[in-house]
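Asks: Data: target_35.txt, compact mmCIF, C-alpha atoms.
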```txt
# COMPACT_ATOMS: atom_id res chain seq x y z
CA MET A 1 0.00 0.00 0.00
CA VAL A 2 2.91 2.34 0.70
CA ALA A 3 4.40 1.68 -2.73
CA ARG A 4 1.16 1.73 -4.73
CA LYS A 5 -1.03 4.25 -2.91
CA SER A 6 1.54 6.35 -1.03
CA ALA A 7 0.00 5.27 2.27
CA LYS A 8 1.55 6.86 5.32
CA LYS A 9 4.25 4.80 7.00
CA SER A 10 3.42 6.32 10.40
CA GLY A 11 0.43 5.39 12.56
CA THR A 12 -1.15 2.03 13.27
CA VAL A 13 -1.18 -0.53 10.48
CA VAL A 14 -2.90 -3.88 11.01
CA SER A 15 -1.81 -6.66 8.65
CA PRO A 16 -3.65 -9.85 9.63
CA ASN A 17 -2.98 -13.16 7.95
CA PHE A 18 -5.62 -14.65 5.68
CA GLY A 19 -8.41 -16.08 7.83
CA GLU A 20 -7.15 -14.58 11.08
CA ILE A 21 -10.01 -13.30 13.27
CA LEU A 22 -9.91 -9.67 14.42
CA ALA A 23 -12.43 -8.60 17.06
CA TRP A 24 -13.68 -5.04 16.49
CA GLU A 25 -16.63 -3.27 18.15
CA GLY A 26 -18.87 -6.30 18.35
CA TRP A 27 -17.72 -7.88 15.08
CA GLU A 28 -15.34 -10.65 14.05
CA LEU A 29 -13.47 -9.65 10.90
CA ARG A 30 -11.62 -11.97 8.53
CA LEU A 31 -9.68 -11.20 5.36
CA LEU A 32 -10.00 -13.92 2.72
CA PRO A 33 -7.96 -14.28 -0.50
CA ALA A 34 -9.88 -12.69 -3.37
CA GLY A 35 -7.78 -14.09 -6.24
CA HIS A 36 -8.06 -10.71 -8.00
CA ILE A 37 -4.41 -9.67 -7.85
CA ILE A 38 -1.64 -10.69 -5.48
CA GLY A 39 -2.56 -9.83 -1.89
CA SER A 40 -6.15 -8.83 -2.70
CA THR A 41 -8.75 -9.74 -0.09
CA MET A 42 -12.42 -10.15 0.61
CA LEU A 43 -13.91 -9.00 3.91
CA HIS A 44 -16.00 -11.43 5.97
CA LEU A 45 -17.82 -10.12 9.05
CA THR A 46 -19.63 -12.01 11.82
CA ARG A 47 -21.79 -10.04 14.24
CA GLN A 48 -21.04 -11.37 17.70
CA ALA A 49 -24.50 -10.51 19.06
CA ASP A 50 -26.41 -12.93 16.82
CA GLY A 51 -23.89 -14.64 14.52
CA ALA A 52 -25.15 -12.86 11.37
CA LYS A 53 -22.55 -13.00 8.59
CA LEU A 54 -21.70 -10.70 5.68
CA LEU A 55 -19.21 -11.21 2.85
CA TYR A 56 -17.98 -8.29 0.74
CA THR A 57 -16.07 -9.62 -2.26
CA GLY A 58 -14.56 -6.49 -3.78
CA ASP A 59 -12.90 -7.37 -7.09
CA TYR A 60 -12.29 -11.12 -7.25
CA LYS A 61 -12.11 -14.24 -9.39
CA LEU A 62 -12.53 -17.91 -8.50
CA ARG A 63 -10.20 -19.46 -11.09
CA GLN A 64 -6.54 -19.79 -10.22
CA GLY A 65 -4.41 -17.11 -11.87
CA LEU A 66 -0.66 -17.06 -12.39
CA SER A 67 0.32 -14.57 -9.71
CA ALA A 68 -2.52 -14.24 -7.16
CA GLU A 69 -3.60 -16.48 -4.31
CA ARG A 70 -6.57 -18.76 -4.96
CA CYS A 71 -9.88 -17.25 -3.88
CA GLU A 72 -11.53 -18.59 -0.71
CA LEU A 73 -15.24 -18.10 -0.02
CA MET A 74 -17.16 -18.44 3.26
CA GLN A 75 -20.87 -18.81 3.89
CA ALA A 76 -22.67 -15.55 4.63
CA ASP A 77 -26.25 -14.39 5.17
CA THR A 78 -25.61 -11.22 3.16
CA LEU A 79 -23.39 -11.15 0.08
CA ILE A 80 -22.14 -7.95 -1.53
CA MET A 81 -20.44 -8.88 -4.79
CA GLU A 82 -18.99 -7.18 -7.84
CA THR A 83 -20.49 -8.08 -11.21
CA THR A 84 -18.13 -6.49 -13.73
CA PHE A 85 -18.78 -9.32 -16.20
CA GLY A 86 -22.34 -10.13 -15.16
CA LEU A 87 -23.71 -11.14 -18.59
CA PRO A 88 -23.80 -14.75 -19.91
CA LYS A 89 -21.64 -13.83 -22.90
CA TYR A 90 -18.66 -13.24 -20.63
CA ARG A 91 -17.08 -16.67 -20.27
CA PHE A 92 -13.30 -16.61 -20.29
CA PRO A 93 -11.32 -19.26 -22.20
CA PRO A 94 -8.83 -21.54 -20.40
CA LEU A 95 -5.70 -19.76 -19.17
CA ASP A 96 -3.42 -22.12 -21.11
CA ALA A 97 -5.09 -21.12 -24.38
CA VAL A 98 -4.71 -17.40 -23.60
CA CYS A 99 -1.02 -17.81 -22.75
CA ALA A 100 -0.42 -19.81 -25.93
CA ALA A 101 -1.99 -17.04 -28.03
CA MET A 102 0.18 -14.45 -26.28
CA HIS A 103 3.31 -16.50 -26.93
CA GLU A 104 2.40 -16.76 -30.60
CA PHE A 105 1.87 -12.98 -30.78
CA VAL A 106 5.29 -12.30 -29.24
CA GLU A 107 7.13 -14.79 -31.41
CA GLN A 108 5.51 -13.72 -34.68
CA THR A 109 6.11 -10.06 -33.88
CA LEU A 110 9.80 -10.65 -33.20
CA VAL A 111 10.17 -12.71 -36.39
CA SER A 112 8.66 -9.82 -38.37
CA GLY A 113 11.29 -7.47 -36.96
CA ALA A 114 8.84 -5.49 -34.82
CA VAL A 115 8.74 -4.99 -31.06
CA PRO A 116 5.93 -6.76 -29.14
CA VAL A 117 4.39 -4.58 -26.42
CA LEU A 118 2.00 -6.17 -23.91
CA LEU A 119 -0.16 -3.74 -21.95
CA GLY A 120 -1.34 -4.27 -18.38
CA TYR A 121 -1.71 -2.32 -15.14
CA SER A 122 1.49 -1.95 -13.12
CA LEU A 123 0.16 -3.93 -10.15
CA GLY A 124 -1.68 -7.16 -10.84
CA LYS A 125 -1.97 -7.52 -14.60
CA ALA A 126 1.71 -6.76 -15.26
CA GLN A 127 2.85 -9.52 -12.90
CA GLU A 128 0.35 -11.89 -14.53
CA LEU A 129 1.87 -11.03 -17.92
CA LEU A 130 5.40 -11.63 -16.64
CA ARG A 131 4.38 -15.00 -15.26
CA ALA A 132 2.69 -15.83 -18.57
CA LEU A 133 5.91 -15.04 -20.46
CA HIS A 134 7.99 -17.37 -18.30
CA GLY A 135 9.24 -20.34 -20.31
CA LEU A 136 8.96 -18.61 -23.68
CA GLY A 137 12.70 -17.92 -23.74
CA VAL A 138 12.27 -14.27 -24.73
CA PRO A 139 13.87 -11.60 -22.50
CA VAL A 140 11.53 -8.90 -21.22
CA MET A 141 11.83 -5.17 -20.60
CA VAL A 142 9.35 -3.40 -18.35
CA HIS A 143 8.23 0.16 -17.67
CA SER A 144 9.64 1.78 -14.51
CA SER A 145 6.26 1.66 -12.71
CA ILE A 146 5.99 -2.06 -13.38
CA ALA A 147 9.56 -2.64 -12.22
CA GLN A 148 8.78 -0.85 -8.95
CA MET A 149 5.67 -2.90 -8.16
CA THR A 150 7.23 -6.19 -9.29
CA GLU A 151 10.13 -5.67 -6.90
CA VAL A 152 7.66 -5.04 -4.04
CA VAL A 153 5.84 -8.36 -4.54
CA ARG A 154 8.64 -10.38 -6.14
CA SER A 155 9.14 -12.71 -3.16
CA HIS A 156 5.48 -13.77 -3.44
CA LEU A 157 5.58 -14.54 -7.16
CA GLY A 158 6.60 -17.73 -8.89
CA GLU A 159 9.23 -17.99 -11.57
CA LEU A 160 9.61 -14.99 -13.86
CA PRO A 161 11.31 -14.60 -17.22
CA GLU A 162 14.58 -12.70 -17.51
CA TRP A 163 13.51 -9.07 -17.17
CA ARG A 164 15.08 -5.63 -16.86
CA MET A 165 14.13 -1.98 -16.97
CA PHE A 166 13.21 -0.56 -20.35
CA ASP A 167 16.23 0.63 -22.34
CA ALA A 168 15.39 1.95 -25.80
CA ALA A 169 18.95 1.42 -27.03
CA ARG A 170 18.82 -2.34 -26.29
CA VAL A 171 15.22 -3.18 -27.04
CA HIS A 172 15.94 -5.49 -29.99
CA GLY A 173 14.86 -9.06 -29.30
CA HIS A 174 12.86 -8.17 -26.18
CA ALA A 175 9.18 -8.27 -25.37
CA LEU A 176 7.96 -5.14 -23.56
CA VAL A 177 5.43 -4.97 -20.71
CA PHE A 178 4.01 -1.47 -20.25
CA PRO A 179 0.99 0.05 -18.48
CA PRO A 180 -1.83 1.09 -20.86
CA ASN A 181 -1.37 4.81 -20.21
CA ALA A 182 2.22 4.62 -21.48
CA ALA A 183 1.35 2.85 -24.73
CA ARG A 184 1.68 5.97 -26.87
CA SER A 185 4.53 7.56 -24.98
CA PRO A 186 7.33 9.30 -26.94
CA GLU A 187 9.86 6.68 -25.80
CA LEU A 188 7.85 3.93 -27.54
CA ARG A 189 7.11 6.01 -30.62
CA ARG A 190 10.81 6.54 -31.16
CA LEU A 191 11.33 2.77 -31.40
CA GLY A 192 9.69 2.71 -34.81
CA ARG A 193 7.73 -0.44 -35.53
CA CYS A 194 5.84 -1.80 -32.51
CA ARG A 195 2.87 -4.13 -32.23
CA PHE A 196 0.63 -3.59 -29.22
CA ALA A 197 -1.58 -6.09 -27.38
CA MET A 198 -3.97 -5.34 -24.53
CA ALA A 199 -4.68 -7.91 -21.80
CA SER A 200 -8.24 -7.43 -20.52
CA GLY A 201 -11.44 -9.33 -19.92
CA TRP A 202 -13.11 -6.85 -22.27
CA ALA A 203 -11.19 -8.55 -25.09
CA LEU A 204 -14.30 -10.73 -25.46
CA ASP A 205 -16.14 -7.71 -26.89
CA PRO A 206 -15.86 -7.54 -30.70
CA SER A 207 -15.01 -3.83 -30.54
CA ALA A 208 -12.20 -4.20 -27.98
CA LYS A 209 -9.31 -4.05 -30.45
CA PHE A 210 -10.67 -0.84 -31.97
CA ARG A 211 -11.55 0.68 -28.58
CA TYR A 212 -8.08 0.14 -27.18
CA GLY A 213 -6.37 1.08 -30.43
CA VAL A 214 -4.13 -2.00 -30.43
CA ASP A 215 -3.12 -4.75 -32.83
CA GLU A 216 -4.37 -7.60 -30.64
CA VAL A 217 -6.38 -8.23 -27.46
CA PHE A 218 -6.17 -11.16 -25.06
CA PRO A 219 -8.97 -12.10 -22.61
CA LEU A 220 -6.70 -12.26 -19.58
CA SER A 221 -8.86 -10.95 -16.74
CA ASP A 222 -8.51 -10.60 -12.98
CA HIS A 223 -12.31 -10.53 -12.48
CA ALA A 224 -14.87 -13.32 -12.17
CA ASP A 225 -16.71 -14.21 -15.37
CA HIS A 226 -20.44 -14.97 -15.52
CA PRO A 227 -20.20 -18.68 -14.59
CA GLU A 228 -18.00 -17.81 -11.60
CA LEU A 229 -20.52 -15.22 -10.40
CA LEU A 230 -23.23 -17.89 -10.37
CA GLU A 231 -20.88 -20.34 -8.66
CA THR A 232 -20.14 -17.75 -5.97
CA VAL A 233 -23.82 -17.51 -5.06
CA GLN A 234 -24.08 -21.30 -4.93
CA ILE A 235 -21.10 -21.57 -2.56
CA VAL A 236 -21.91 -18.65 -0.24
CA GLN A 237 -25.63 -19.53 0.00
CA PRO A 238 -26.73 -16.00 1.06
CA ARG A 239 -30.25 -15.00 2.04
CA ARG A 240 -29.84 -11.60 0.33
CA ILE A 241 -27.47 -10.35 -2.35
CA TYR A 242 -26.39 -6.82 -3.26
CA LEU A 243 -24.53 -6.16 -6.51
CA VAL A 244 -21.99 -3.47 -7.32
CA HIS A 245 -20.05 -2.57 -10.50
CA GLY A 246 -20.76 -3.67 -14.03
CA TYR A 247 -23.99 -5.34 -15.10
CA THR A 248 -25.68 -5.12 -11.70
CA CYS A 249 -29.30 -4.77 -12.85
CA GLU A 250 -29.04 -7.53 -15.44
CA PHE A 251 -27.37 -10.00 -13.08
CA ALA A 252 -29.78 -9.11 -10.26
CA ALA A 253 -32.72 -9.91 -12.54
CA GLU A 254 -31.12 -13.22 -13.47
CA LEU A 255 -30.61 -14.13 -9.81
CA ARG A 256 -34.19 -13.20 -8.94
CA ALA A 257 -35.40 -15.48 -11.72
CA LEU A 258 -33.45 -18.25 -9.98
CA GLY A 259 -35.24 -17.50 -6.71
CA HIS A 260 -32.68 -15.28 -4.96
CA ASP A 261 -33.30 -11.99 -3.16
CA ALA A 262 -30.92 -9.87 -5.26
CA ARG A 263 -30.71 -6.09 -5.69
CA ALA A 264 -28.42 -3.74 -7.61
CA LEU A 265 -26.82 -1.01 -5.50
CA GLY A 266 -26.33 2.47 -6.92
CA ALA A 267 -28.77 1.87 -9.77
CA VAL A 268 -32.48 2.03 -10.46
CA ASP A 269 -33.38 -1.63 -10.05
CA GLN A 270 -36.57 -2.49 -11.93
CA LEU A 271 -38.12 -5.30 -9.90
CA GLU A 272 -40.44 -7.90 -11.45
CA LEU A 273 -44.10 -8.11 -10.47
CA GLY A 274 -45.10 -11.68 -9.87
CA LEU A 275 -48.60 -12.44 -11.13
```
Just give me the structure of the file as structure tokens.

Replies:
Amino acid sequence: MVARKSAKKSGTVVSPNFGEILAWEGWELRLLPAGHIIGSTMLHLTRQADGAKLLYTGDYKLRQGLSAERCELMQADTLIMETTFGLPKYRFPPLDAVCAAMHEFVEQTLVSGAVPVLLGYSLGKAQELLRALHGLGVPVMVHSSIAQMTEVVRSHLGELPEWRMFDAARVHGHALVFPPNAARSPELRRLGRCRFAMASGWALDPSAKFRYGVDEVFPLSDHADHPELLETVQIVQPRRIYLVHGYTCEFAAELRALGHDARALGAVDQLELGL
């Protein structure tokens, strides 16, 4: 948090282990692995007075990624969950297939004499990209912001490819990993011929390549897809569900059709009238 969000180093910082119970003002709090990015957590609360339980997912995914801990769910009476990809069309392909397509993109780009540039956020997606490139045998250069965050979490990652800070004078033969906001930076433009690829769950949308202005898109996401959202409800078994982010109204309607008490937060939720 200090490195990414400039959090103050002074004051009281509580860093519980996953699953450790913290008692606070009549509540038992637990942090559970969210599987979103490395170190990301869900918040599970138990009210000591009556044992009522609430789970707030935040951003999460159930499938095992390359760099984050596997998600762990707990039963709760109330579930607050994010639904970024809450439509049935959002079903992500197997991770192995995505990595194979990325490898092919890198190799073909290098053979053509161009520079492959993979785009992902400096914390989370960038480390996933580095892990995905391990074993390809292609050295990697990264943007300074990605280098900073990778060093912070490096001891918690698995094997990485050979990587170094970006050096325009020695870029030949390397794959680059840059944050999306640096994709059109002067330092990349001066390289001449580059091919850009965006890693995002939105790659499943037909317009994604045009929207991002890139040569290729890969559906590498750190969010739950539609089947995982349904699986979450089945595992948690909540009595009531509140939805935030993404397709909240659509997914709430789908859950209600399945017999769940589900509402979208922060949106006008058109409820059905049973006749």

Asks: Any chance you could work out the axis-aligned box around region 76-87 of chain A, listed atoms only, 6 Å on each side, giving centre and edge lengths in Å to one decimal, as JSON?

Replies:
```
{"center_x": -22.2, "center_y": -11.0, "center_z": -6.7, "size_x": 20.1, "size_y": 21.1, "size_z": 35.8}
```

Asks: I need the residue nearest Ile80 (chain A) from this list: A:Gly173, A:Pro16, A:Gly135, A:Gly58. Use all atoms listed in the file for the distance.

Replies: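 Distance minimum relative to Ile80 (chain A) lands on A:Gly58.
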
Asks: Select from region 66-128 of chain A every residue with an atom at most 9 Å from any atom of region 240-257 of chain A, then for each give the shortest pair of atoms and their distance in Å to one decimal, using only C-alpha atoms, rows by chain and rising number, as a tab-separated table.

Replies:
```
residue	atom	partner	partner_atom	distance
A:Asp77	CA	A:Arg240	CA	6.6
A:Thr78	CA	A:Arg240	CA	5.1
A:Leu79	CA	A:Ile241	CA	4.8
A:Ile80	CA	A:Tyr242	CA	4.7
A:Met81	CA	A:Leu243	CA	5.2
A:Glu82	CA	A:Val244	CA	4.8
A:Thr83	CA	A:Gly246	CA	5.2
A:Thr84	CA	A:Gly246	CA	3.9
A:Phe85	CA	A:Gly246	CA	6.4
A:Gly86	CA	A:Tyr247	CA	5.1
A:Leu87	CA	A:Phe251	CA	6.7
```

Asks: With all atoms listed in the file as the atoms that count, which of A:Leu73, A:Arg30, A:Tyr90, A:Trp24 lies nearest to Pro206 (chain A)?

Replies: A:Tyr90

Asks: Using all atoms listed in the file, which residue out of A:Ala147, A:Leu136, A:Leu62, A:Ala52 lies closest to Leu230 (chain A)?

Replies: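 Smallest separation from Leu230 (chain A) among the options: A:Leu62.
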
Asks: Just how far from CA of Pro227 (chain A) is CA of Arg91 (chain A), in Å to one decimal?

Replies: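 Those two atoms sit 6.8 Å apart.
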
Asks: Can you pull out the residues contacting region 154-168 of chain A? Cut-off 6 Å, using all atoms listed in the file, and skip same-chain residues under 3 positions away; I want them as a list in words.

Replies: Ser67, Arg131, His134, Pro139, Val140, Met141, Val142, His143, Thr150, Glu151 and Val171 of chain A

Asks: Identify which of the residues A:Val217, A:Pro116, A:Ile146, A:Gly201 lies closest to Leu188 (chain A), counting all atoms listed in the file when measuring atom-to-atom distances.

Replies: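 Smallest separation from Leu188 (chain A) among the options: A:Pro116.
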
Asks: Can you measure CA of Leu123 (chain A) to CA of Glu231 (chain A) for me? One decimal in Å is fine.

Replies: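 These atoms are spaced 26.7 Å apart.
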
Asks: What gap, in Å, lies between CA of Phe218 (chain A) and CA of Ala203 (chain A)?

Replies: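 Between CA of Phe218 (chain A) and CA of Ala203 (chain A) the gap is 5.7 Å.
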
Asks: Which one is closest to Leu176 (chain A): A:Leu54, A:Leu29, A:Met149, A:Leu118? Count all atoms listed in the file.

Replies: A:Leu118

Asks: Fewer than 6 positions away in the same chain doesn't count, so skip those; otherwise give me all residues within 12 Å of Ala49 (chain A), counting all atoms listed in the file, as a list in words.

Replies: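 So, after excluding close chain neighbours, the residues are Glu25, Gly26, Trp27 and Glu28 of chain A.
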
Asks: Could you save the residues just selected, with C-alpha atoms, as an mmCIF file, in the coordinates of the input?

Replies:
```cif
data_model
loop_
_atom_site.group_PDB
_atom_site.id
_atom_site.type_symbol
_atom_site.label_atom_id
_atom_site.label_comp_id
_atom_site.auth_asym_id
_atom_site.auth_seq_id
_atom_site.Cartn_x
_atom_site.Cartn_y
_atom_site.Cartn_z
ATOM 1 C CA GLU A 25 -16.630 -3.270 18.150
ATOM 2 C CA GLY A 26 -18.870 -6.300 18.350
ATOM 3 C CA TRP A 27 -17.720 -7.880 15.080
ATOM 4 C CA GLU A 28 -15.340 -10.650 14.050
#
```

Asks: Considering all atoms listed in the file, give me a table of residues in region 73-144 of chain A that are at most 12 Å from region 36-39 of chain A, with the closest atom pair and distance in Å for each, as a Markdown table.

Replies:
```
| residue | atom | partner | partner_atom | distance |
| --- | --- | --- | --- | --- |
| A:Glu82 | CA | A:His36 | CA | 11.5 |
| A:Tyr121 | CA | A:Ile37 | CA | 10.7 |
| A:Ser122 | CA | A:Ile37 | CA | 11.1 |
| A:Leu123 | CA | A:Ile37 | CA | 7.7 |
| A:Gly124 | CA | A:Ile37 | CA | 4.8 |
| A:Lys125 | CA | A:Ile37 | CA | 7.5 |
| A:Ala126 | CA | A:Ile37 | CA | 10.0 |
| A:Gln127 | CA | A:Ile38 | CA | 8.8 |
| A:Glu128 | CA | A:Ile37 | CA | 8.5 |
| A:Leu129 | CA | A:Ile37 | CA | 11.9 |
```

Asks: Report as CSV the residues of region 39-157 of chain A within 10 Å of region 194-197 of chain A, each with its shortest atom pair and distance in Å (one decimal), using only C-alpha atoms, ordered by chain and increasing residue number.

Replies:
```
residue,atom,partner,partner_atom,distance
A:Met102,CA,A:Ala197,CA,8.6
A:Phe105,CA,A:Ala197,CA,8.4
A:Val106,CA,A:Arg195,CA,9.0
A:Thr109,CA,A:Arg195,CA,7.0
A:Leu110,CA,A:Arg195,CA,9.6
A:Gly113,CA,A:Cys194,CA,9.0
A:Ala114,CA,A:Cys194,CA,5.3
A:Val115,CA,A:Cys194,CA,4.5
A:Pro116,CA,A:Arg195,CA,5.1
A:Val117,CA,A:Phe196,CA,4.8
A:Leu118,CA,A:Ala197,CA,5.0
A:Leu119,CA,A:Ala197,CA,6.1
A:Gly120,CA,A:Ala197,CA,9.2
```

Asks: Any idea what's packed within 12 Å of Phe92 (chain A), counting all atoms listed in the file, ignoring anything in its chain fewer than 2 positions away? Could you give it as JSON, numbers by chain?

Replies: {"A": [61, 62, 63, 85, 87, 88, 89, 90, 94, 95, 96, 97, 98, 200, 201, 202, 203, 204, 205, 218, 219, 220, 221, 222, 223, 224, 225, 226, 227, 228]}

Asks: Would you mind telling me which residue in A:Pro93, A:Gly51, A:Pro33, A:Gly266 lies nearest to Ala68 (chain A) when using only C-alpha atoms?

Replies: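 Going through A:Pro93, A:Gly51, A:Pro33, A:Gly266 one by one, the smallest distance to Ala68 (chain A) is for A:Pro33.
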